[in-house]
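To start, the structure under review is shown below, and the notes come after it.
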Amino acid sequence: MSQIPVVKSRLWRWRVLRIGVPLALVVALVFLTSLIDGNPGVSPGVWYQRPLHLFANALPGLMVAMLLVVLTRRIFLSFGLTCLGLGIVYGVNAIKVRNLGSPLVPADFRMVGQLKGGGAHLLGGYLPASPWPYLAIITAIAIVWALARYEPPMFARRTHGKRLTAGFALLALLGTLFAGLPAWAHVYDRDRLGMEPWSASATAGHNGLVTMLMQFRLQYAGQKHKADPDVAERFIAASDTRLREHIAQSATYDGQTPDIVIVQSESFFDPSVIKGLEANNFAPNLHSLAERSASGSLHVPTFGGGTIRTEFEVLTGLSLRYFADMQFPYLQLNTKVIPGMVRTLRSHGYETIAVHGNDGSFWNRNIAFKALGFDRFITQPQFPRGFKVDGNYMADSAMTDEIMSQLKDSGPPRLVFAISMEAHGPYDTNPNIDVAERDAIPVPDGVDGKAKLDLQNYIYHMRHADAELGRLADLLSKRERPALLLFYGDHLPALIDTYNTAGFVNDQPMLTQPVPWILFDTRVDKNVKQDMAAWALPGMVLDRAGIHDDPYFALTQVVAPVLAALTRAPDAPPPDEDAVQKDDDNGMGNVAQLRLRGKLDKLMAQFASPMDAAALARQKTAADEAAAAGARQ
């Protein structure tokens with residue numbers, strides 16, 4: 001009988017351990033998530049003030065850990081795997097913050113599918129050079145392997161259905177969470193936890209990275225922005241007079257149809273806008289051409305990366321401001337026909353060609369460019385063997401050579417849309433360069449160490465881009481066939497330490513800084529200065545090419561002076577709008593939604609039609625009509 005209390009005592013201690021150890025691991029995971037997160041709003045030191053914030057930030061990790069416990073029956077292994085996964089997510093987030101100045105957002109996870117083709121090489125360039133992170137990962141994997149091999153199971157394999165039920169329940173909960181089911185908005189309530197929907201950085205700083213990811217996922221999940229045709233119709237009707245005037249004023253060209261060359265220059269901007277570099281002329285060709293071209297500052301919808309955001313706006317004339325849930329349009333659009341400048345030019349007999357010195361599958365361009373209407377897409381494998389490499393990527397000089405090889409003196413006019421690579425980051429490693437030339441580049445006071453190296457490497461490559469702009473303009477000027485050359489930067493490079501140290505001449509923050517644009521016409525000198533937005537560029541190009549039969553693009557030119565400055569990077573603070581801007585912004589938003597869905601043409605047909613046939617400078621020929629039929633396919 002004396003052994004009974006001992007047995008009961010051991011049984012009691014075993015039960016306490018079975019309950020106490022999991023609870024201790026839960027608390028440990030909450031605080032570990034808080035510690036790795038590093039954002040002040042969920043730091044371990046504020047747990048007594050904001051326990052809900054710490055728990056919400058750790059909840060997805062806790063659910064994953066519990067699901068793994070059910071699957072593996074090993075509690076330390078399960079929590080170890082969860083910590084490894086969290087470490088990888090936070091590590092990738094740290095890399096993005098360091099290089100682009102903004103945290104991960106839900107759309108970034110689409111980049112996993114971009115690792116094939118040229119994506120792994122391009123994204124791999126941002127991985128840390130130090131061996132310590134990799135040693136930490138190897139150590140963590142070794143610990144997980146040891147736990148998988150030696151940790152005894154916590155409970156029996158057969159549990160009479162309890163394990164199966166718990167597993168399905170946890171899997172369903174995780175599925176609904178990652179799918180963004182509205183019910184989870186009660187857990188991640190923006191009023192209770194706080195949220196700044198325009199700023200992932202501010203929200204992460206307040207709530208933690210994981211909570212921010214959940215809130216942004218819930219914000220956009222299942223949303224279908226329905227355009228209001230009545231609002232769009234009233235806006236178009238109110239703009240009708242301005243549309244007619246614009247078409248009449250711009251329809252003046254009656255010469256030979258020009259070739260059109262568009263160069264999207266990777267990360268191009270003029271570094272002299274940085275304090276301490278004002279006296280330097282890093283872009284002499286840009287400045288020289290600007291004296292006889294249309295040029296100015298360009299507001300773009302991204303910063304440091306996300307090239308396809310600017311690219312999408314230029315090719316379509318659609319502002320991503322009106323598609324807030326579309327972070328990476330080429331990865332999120334599932335349509336065979338995307339309206340835009342390319343299809344309009346095809347309808348006027350243009351042959352449309354895209355040129356890019358990287359893998360065509362990256363950013364899903366090989367699919368998206370077909371939907372946009374390009375006839376051909378020339379990528380790195382189609383370039384001549386032995387093309388020049390400068391730094392990590394193809395030299396801009398090789399791209400200029402390929403552009404010129406695509407232009408013909410006879411036959412149909414051509415659109416060549418070229419996407420450069422030479423000035424792409426990262427900027428801390430740059431093989432195949434002239435080190436002496438690079439080291440002679442001046443930097444602002446206070447910019448030193450890695451920031452100095454990054455800035456010098458960037459300026460080294462952007463000067464090559466400027467030189468190629470001058471060479472390309474000269475080559476086009478010598479051809480018999482006239483040409484339009486549109487050149488612009490897609491976004492600022494992510495030289496965050498330099499910007500924070502030196503600042504900008506205009507005293508504006510880095511997320512709202514514009515980039516340069518220039519439209520050079522080989523037929524005539526035309527010095528015009530104008531601030532533009534990326535989505536307004538195609539309408540301007542079509543105007544100069546003598547193509548005026550798409551009233552949507554005319555509408556972009558009418559509203560651009562009012563709305564251009566509203567275009568900003570996703571994490572930039574929202575701009576203030578006056579009453580006129582708000583009205584035009586709301587109207588244009590509904591118009592853009594209808595345009596992307598192919599429901600705008602009938603609505604606009606009753607407005608802005610030319611007063612008479614002579615109002616259009618270039619009438620469609622039979623060849624144009626045939627090309628138009630192809631453009632709609």
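The way I read the labels, and the way they are meant: chains A, B, ... in the order of the structure tokens, residue 1 as the first residue of every chain, and ligand 1 as the first ligand shown, with later ones counted on from there.
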> Leaving out Asp454 in chain A and any residue of its chain fewer than 4 positions from it, which residues lie within 7 Å of it when counting only C-alpha atoms, given as a list of chain:residue names?
Replying inline: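 Here the qualifying residues turn out to be A:Tyr427, A:Asp428, A:Lys450, A:Tyr458.
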Keeping N, CA and C atoms for every residue in the selection just given, could you write it to a file as a short mmCIF file (atom, residue, chain, number, x, y, z; two decimals), in the first residue's frame?
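Result went into out09.cif, see below:
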data_model
loop_
_atom_site.label_atom_id
_atom_site.label_comp_id
_atom_site.auth_asym_id
_atom_site.auth_seq_id
_atom_site.Cartn_x
_atom_site.Cartn_y
_atom_site.Cartn_z
N TYR A 427 25.05 46.51 -55.27
CA TYR A 427 26.16 47.33 -55.71
C TYR A 427 27.45 47.11 -54.90
N ASP A 428 27.43 46.11 -54.01
CA ASP A 428 28.64 45.90 -53.20
C ASP A 428 29.64 44.97 -53.88
N LYS A 450 30.75 50.70 -46.74
CA LYS A 450 29.95 50.00 -47.75
C LYS A 450 29.07 50.98 -48.53
N TYR A 458 27.39 52.24 -58.27
CA TYR A 458 26.17 52.63 -58.99
C TYR A 458 26.48 53.75 -60.01
#
>> So that I can check the secondary structure, give me every residue of range 241-273 of chain A assigned helix (DSSP H, G or I) by backbone DSSP, as a ChimeraX atom specification.
In response: /A:241-250,271-273
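Counting only C-alpha atoms and comparing A:Thr139, A:Thr211, A:Asn93, A:Ser199, the residue that lies closest to Gly41 in chain A is A:Thr211.
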> Near range 269-284 of chain A, counting only C-alpha atoms, which residues have an atom at most 9 Å away, once you skip same-chain residues fewer than 4 positions from it, shown as a list in words?
Replying inline: Ser288, Leu289, Pro442, Val443, Pro444, Asp445, Ile459, Met462, Arg463, Ala465, Asp466, Ala467, Gly470, Tyr488, Gly489, Asp490, His491, Leu492, Pro493, Thr498, Tyr499, Ala502, Gly503, Phe504, Val505, Asn506, Pro514, Val515 and Pro516 of chain A
Sort by chain and increasing residue number a table of all residues of range 529-561 of chain A within 7 Å of range 307-324 of chain A, each with its closest pair of atoms and their distance in Å to one decimal, counting only C-alpha atoms, and write it as CSV.
residue,atom,partner,partner_atom,distance
A:Ala534,CA,A:Val314,CA,5.3
A:Trp535,CA,A:Gly317,CA,4.2
A:Ala536,CA,A:Gly317,CA,6.0
A:Leu537,CA,A:Val314,CA,6.0
A:Pro538,CA,A:Val314,CA,5.9
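A straight line drawn from CA of Ile95 in chain A to CA of Gln264 in chain A is 25.4 Å long.
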>> Can you tell me, as an NGL selection string, which residues in range 259-471 of chain A count as strand (DSSP E) by DSSP?
In response: :A and (259-265 or 294-299 or 351-356 or 376-378 or 389-390 or 393-394 or 414-419)
>> Excluding Val187 in chain A and its own-chain neighbours fewer than 6 positions away, which residues fall within 10 Å of it when counting only C-alpha atoms? Please give them as a VMD selection string.
In response: chain A and resid 52 56 59 193 211 214 to 215
> CA of Leu469 in chain A to CA of Met394 in chain A: how many Å, to one decimal?
Replying inline: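 Taking CA of Leu469 in chain A and CA of Met394 in chain A, their separation equals 15.7 Å.
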Please provide the set of residues having any atom within 10 Å of range 398-405 of chain A, restricted to only C-alpha atoms, with same-chain residues fewer than 5 positions apart removed, written as a short mmCIF file (atom, residue, chain, number, x, y, z; two decimals) with all heavy atoms, in the first residue's frame.
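And here's result.cif as it stands now:
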data_model
loop_
_atom_site.label_atom_id
_atom_site.label_comp_id
_atom_site.auth_asym_id
_atom_site.auth_seq_id
_atom_site.Cartn_x
_atom_site.Cartn_y
_atom_site.Cartn_z
N VAL A 261 11.61 53.89 -80.12
CA VAL A 261 12.52 53.16 -79.24
C VAL A 261 12.29 53.63 -77.81
O VAL A 261 12.33 54.84 -77.54
CB VAL A 261 13.99 53.38 -79.64
CG1 VAL A 261 14.93 52.68 -78.64
CG2 VAL A 261 14.24 52.87 -81.05
N ILE A 262 12.01 52.70 -76.94
CA ILE A 262 11.80 53.03 -75.53
C ILE A 262 12.85 52.29 -74.72
O ILE A 262 12.97 51.06 -74.82
CB ILE A 262 10.39 52.63 -75.06
CG1 ILE A 262 9.33 53.37 -75.88
CG2 ILE A 262 10.21 52.93 -73.58
CD1 ILE A 262 7.90 52.98 -75.55
N VAL A 263 13.62 53.02 -73.95
CA VAL A 263 14.65 52.42 -73.09
C VAL A 263 14.25 52.62 -71.64
O VAL A 263 14.18 53.76 -71.15
CB VAL A 263 16.03 53.05 -73.35
CG1 VAL A 263 17.06 52.46 -72.38
CG2 VAL A 263 16.46 52.81 -74.79
N ILE A 353 8.51 44.82 -80.66
CA ILE A 353 9.62 43.97 -80.22
C ILE A 353 10.06 44.42 -78.84
O ILE A 353 10.21 45.62 -78.57
CB ILE A 353 10.81 44.07 -81.19
CG1 ILE A 353 10.37 43.73 -82.62
CG2 ILE A 353 11.97 43.17 -80.74
CD1 ILE A 353 11.29 44.31 -83.68
N ALA A 354 10.27 43.46 -77.95
CA ALA A 354 10.84 43.74 -76.63
C ALA A 354 12.23 43.13 -76.56
O ALA A 354 12.47 42.05 -77.10
CB ALA A 354 9.96 43.18 -75.52
N VAL A 355 13.16 43.81 -75.90
CA VAL A 355 14.55 43.38 -75.79
C VAL A 355 14.97 43.46 -74.32
O VAL A 355 14.78 44.49 -73.67
CB VAL A 355 15.49 44.28 -76.64
CG1 VAL A 355 16.94 43.87 -76.45
CG2 VAL A 355 15.09 44.23 -78.10
N HIS A 356 15.55 42.37 -73.81
CA HIS A 356 15.95 42.34 -72.39
C HIS A 356 17.16 41.43 -72.22
O HIS A 356 17.16 40.29 -72.69
CB HIS A 356 14.78 41.83 -71.54
CG HIS A 356 15.04 41.81 -70.08
ND1 HIS A 356 15.79 42.77 -69.44
CD2 HIS A 356 14.65 40.94 -69.10
CE1 HIS A 356 15.83 42.50 -68.14
NE2 HIS A 356 15.16 41.40 -67.93
N GLY A 357 18.18 41.93 -71.53
CA GLY A 357 19.40 41.17 -71.35
C GLY A 357 19.39 40.24 -70.17
O GLY A 357 20.40 40.07 -69.49
N ILE A 378 13.02 39.34 -77.33
CA ILE A 378 14.41 38.91 -77.46
C ILE A 378 15.07 38.98 -76.09
O ILE A 378 15.14 40.05 -75.48
CB ILE A 378 15.17 39.81 -78.46
CG1 ILE A 378 14.52 39.68 -79.85
CG2 ILE A 378 16.65 39.45 -78.52
CD1 ILE A 378 14.94 40.76 -80.80
N GLN A 380 18.27 37.20 -73.28
CA GLN A 380 19.71 36.97 -73.27
C GLN A 380 20.18 35.85 -74.18
O GLN A 380 21.17 36.00 -74.90
CB GLN A 380 20.18 36.72 -71.84
CG GLN A 380 21.69 36.69 -71.69
CD GLN A 380 22.10 36.41 -70.27
OE1 GLN A 380 22.41 35.29 -69.90
NE2 GLN A 380 22.10 37.45 -69.43
N GLN A 382 19.15 34.99 -76.99
CA GLN A 382 19.10 35.37 -78.40
C GLN A 382 20.10 36.48 -78.76
O GLN A 382 20.24 36.84 -79.92
CB GLN A 382 17.69 35.85 -78.78
CG GLN A 382 16.68 34.74 -78.92
CD GLN A 382 16.10 34.31 -77.59
OE1 GLN A 382 15.64 35.14 -76.82
NE2 GLN A 382 16.14 33.01 -77.31
N PHE A 383 20.81 37.03 -77.75
CA PHE A 383 21.82 38.04 -78.04
C PHE A 383 23.03 37.37 -78.70
O PHE A 383 23.27 36.17 -78.52
CB PHE A 383 22.26 38.73 -76.76
CG PHE A 383 21.40 39.90 -76.36
CD1 PHE A 383 20.09 39.70 -75.92
CD2 PHE A 383 21.88 41.20 -76.43
CE1 PHE A 383 19.29 40.77 -75.55
CE2 PHE A 383 21.09 42.27 -76.06
CZ PHE A 383 19.79 42.05 -75.63
N PRO A 384 23.81 38.12 -79.46
CA PRO A 384 25.01 37.54 -80.07
C PRO A 384 25.95 36.98 -79.01
O PRO A 384 26.04 37.52 -77.90
CB PRO A 384 25.65 38.74 -80.80
CG PRO A 384 24.54 39.71 -81.00
CD PRO A 384 23.62 39.53 -79.84
N GLY A 386 29.16 36.24 -76.86
CA GLY A 386 30.26 37.10 -76.45
C GLY A 386 29.84 38.53 -76.17
O GLY A 386 30.68 39.43 -76.21
N PHE A 387 28.54 38.76 -75.89
CA PHE A 387 28.12 40.13 -75.58
C PHE A 387 28.88 40.62 -74.34
O PHE A 387 29.29 39.85 -73.48
CB PHE A 387 26.60 40.19 -75.34
CG PHE A 387 26.11 39.30 -74.22
CD1 PHE A 387 26.27 39.65 -72.89
CD2 PHE A 387 25.49 38.09 -74.51
CE1 PHE A 387 25.80 38.83 -71.87
CE2 PHE A 387 25.03 37.26 -73.49
CZ PHE A 387 25.19 37.64 -72.17
N LYS A 388 29.05 41.93 -74.28
CA LYS A 388 29.84 42.52 -73.21
C LYS A 388 29.09 42.46 -71.89
O LYS A 388 27.90 42.74 -71.82
CB LYS A 388 30.20 43.97 -73.55
CG LYS A 388 31.11 44.62 -72.51
CD LYS A 388 31.46 46.05 -72.90
CE LYS A 388 32.35 46.69 -71.84
NZ LYS A 388 32.69 48.09 -72.16
N VAL A 389 29.83 42.12 -70.83
CA VAL A 389 29.31 42.14 -69.47
C VAL A 389 30.07 43.21 -68.70
O VAL A 389 31.30 43.29 -68.77
CB VAL A 389 29.48 40.77 -68.78
CG1 VAL A 389 29.07 40.85 -67.31
CG2 VAL A 389 28.66 39.71 -69.51
N ASP A 390 29.34 44.05 -68.00
CA ASP A 390 29.97 45.11 -67.21
C ASP A 390 29.40 45.04 -65.80
O ASP A 390 28.22 45.32 -65.59
CB ASP A 390 29.71 46.48 -67.83
CG ASP A 390 30.75 47.51 -67.41
OD1 ASP A 390 31.18 47.46 -66.24
OD2 ASP A 390 31.14 48.34 -68.23
N VAL A 416 10.57 49.25 -80.46
CA VAL A 416 11.53 48.43 -79.73
C VAL A 416 11.53 48.90 -78.29
O VAL A 416 11.90 50.05 -78.00
CB VAL A 416 12.95 48.53 -80.33
CG1 VAL A 416 13.92 47.67 -79.52
CG2 VAL A 416 12.95 48.11 -81.79
N PHE A 417 11.08 48.04 -77.40
CA PHE A 417 11.04 48.35 -75.97
C PHE A 417 12.19 47.59 -75.31
O PHE A 417 12.19 46.35 -75.30
CB PHE A 417 9.69 47.93 -75.38
CG PHE A 417 9.60 48.16 -73.89
CD1 PHE A 417 9.45 49.44 -73.39
CD2 PHE A 417 9.66 47.10 -73.00
CE1 PHE A 417 9.36 49.66 -72.02
CE2 PHE A 417 9.57 47.30 -71.63
CZ PHE A 417 9.42 48.59 -71.14
N ALA A 418 13.17 48.32 -74.79
CA ALA A 418 14.39 47.70 -74.26
C ALA A 418 14.49 47.90 -72.75
O ALA A 418 14.29 49.01 -72.25
CB ALA A 418 15.62 48.29 -74.95
N ILE A 419 14.82 46.82 -72.06
CA ILE A 419 14.94 46.83 -70.60
C ILE A 419 16.40 46.56 -70.25
O ILE A 419 16.92 45.48 -70.51
CB ILE A 419 14.05 45.74 -69.97
CG1 ILE A 419 12.62 45.86 -70.47
CG2 ILE A 419 14.10 45.82 -68.45
CD1 ILE A 419 11.80 44.60 -70.28
N SER A 420 17.08 47.55 -69.68
CA SER A 420 18.51 47.40 -69.42
C SER A 420 18.75 46.66 -68.11
O SER A 420 17.85 46.50 -67.28
CB SER A 420 19.19 48.77 -69.38
OG SER A 420 18.97 49.40 -68.14
N MET A 421 20.01 46.23 -67.92
CA MET A 421 20.38 45.46 -66.73
C MET A 421 21.64 45.96 -66.04
O MET A 421 21.86 45.67 -64.86
CB MET A 421 20.59 43.99 -67.10
CG MET A 421 19.32 43.20 -67.31
SD MET A 421 18.35 42.98 -65.80
CE MET A 421 19.45 41.97 -64.82
N GLU A 422 22.50 46.70 -66.73
CA GLU A 422 23.85 46.94 -66.20
C GLU A 422 23.84 47.57 -64.81
O GLU A 422 24.63 47.20 -63.95
CB GLU A 422 24.64 47.84 -67.16
CG GLU A 422 26.05 48.09 -66.65
CD GLU A 422 26.91 48.93 -67.58
OE1 GLU A 422 26.62 48.97 -68.80
OE2 GLU A 422 27.88 49.54 -67.09
N ALA A 465 25.14 54.15 -68.67
CA ALA A 465 23.78 54.27 -69.21
C ALA A 465 23.59 55.63 -69.89
O ALA A 465 22.99 55.73 -70.96
CB ALA A 465 22.75 54.09 -68.09
N GLU A 468 25.37 55.61 -73.21
CA GLU A 468 24.62 54.85 -74.22
C GLU A 468 23.39 55.61 -74.69
O GLU A 468 22.96 55.47 -75.84
CB GLU A 468 24.24 53.48 -73.68
CG GLU A 468 25.42 52.53 -73.54
CD GLU A 468 26.20 52.40 -74.83
OE1 GLU A 468 25.59 52.16 -75.90
OE2 GLU A 468 27.44 52.56 -74.79
N LEU A 469 22.81 56.43 -73.82
CA LEU A 469 21.71 57.30 -74.25
C LEU A 469 22.20 58.23 -75.35
O LEU A 469 21.55 58.39 -76.39
CB LEU A 469 21.19 58.10 -73.07
CG LEU A 469 20.24 59.27 -73.41
CD1 LEU A 469 18.99 58.78 -74.12
CD2 LEU A 469 19.89 60.05 -72.14
N ARG A 471 24.86 57.80 -77.32
CA ARG A 471 25.22 57.04 -78.52
C ARG A 471 23.97 56.61 -79.29
O ARG A 471 23.92 56.70 -80.53
CB ARG A 471 26.04 55.80 -78.14
CG ARG A 471 26.51 54.99 -79.35
CD ARG A 471 27.62 54.02 -78.97
NE ARG A 471 27.13 52.82 -78.34
CZ ARG A 471 26.94 51.66 -78.99
NH1 ARG A 471 27.17 51.56 -80.30
NH2 ARG A 471 26.52 50.59 -78.33
N LEU A 472 22.95 56.16 -78.57
CA LEU A 472 21.73 55.71 -79.23
C LEU A 472 21.03 56.87 -79.94
O LEU A 472 20.58 56.72 -81.08
CB LEU A 472 20.79 55.08 -78.20
CG LEU A 472 19.46 54.51 -78.70
CD1 LEU A 472 19.69 53.46 -79.79
CD2 LEU A 472 18.66 53.91 -77.53
N LEU A 475 22.97 57.56 -83.13
CA LEU A 475 22.75 56.54 -84.17
C LEU A 475 21.37 56.69 -84.81
O LEU A 475 21.21 56.54 -86.03
CB LEU A 475 22.90 55.15 -83.56
CG LEU A 475 24.32 54.75 -83.14
CD1 LEU A 475 24.30 53.43 -82.36
CD2 LEU A 475 25.22 54.61 -84.37
N LEU A 476 20.36 56.97 -83.99
CA LEU A 476 19.01 57.14 -84.52
C LEU A 476 18.92 58.38 -85.42
O LEU A 476 18.21 58.38 -86.43
CB LEU A 476 18.00 57.25 -83.37
CG LEU A 476 17.78 55.99 -82.53
CD1 LEU A 476 16.87 56.29 -81.35
CD2 LEU A 476 17.19 54.86 -83.38
#
>> Given only C-alpha atoms as the basis, pick out the residue of A:Asp585, A:Glu480, A:Asp230, A:Asp37 nearest to Ser410 in chain A.
In response: A:Glu480
>> Let me make sure I understand: among A:Arg595, A:Arg217, A:His287, A:Arg73, which one has the smallest atom-to-atom distance to Ala107 in chain A if we use only C-alpha atoms?
In response: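 Looking only at the distances to Ala107 in chain A, the closest residue turns out to be A:Arg217.
The list of residues with at least one atom within 9 Å of Leu62 in chain A, based on only C-alpha atoms and without residues fewer than 3 positions apart in the same chain, reads Val26, Leu29, Val30, Ala58, Leu59, Ala65, Met66, Leu67, Phe79 and Thr82 of chain A.
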> How far is it from CA of Lys96 in chain A to CA of Arg568 in chain A, in Å with one decimal?
Replying inline: 18.9 Å
>> Taking only C-alpha atoms into account, name the residue in A:Glu437, A:Ala237, A:Lys452, A:Val70 that is nearest to Leu171 in chain A.
In response: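 Ranking A:Glu437, A:Ala237, A:Lys452, A:Val70 by distance to Leu171 in chain A, first place goes to A:Val70.
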>> When you count only C-alpha atoms, which of these residues is closest to Leu243 in chain A: A:Ala560, A:Leu555, A:Ala579, A:Val528?
In response: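 Ranking A:Ala560, A:Leu555, A:Ala579, A:Val528 by distance to Leu243 in chain A, first place goes to A:Leu555.
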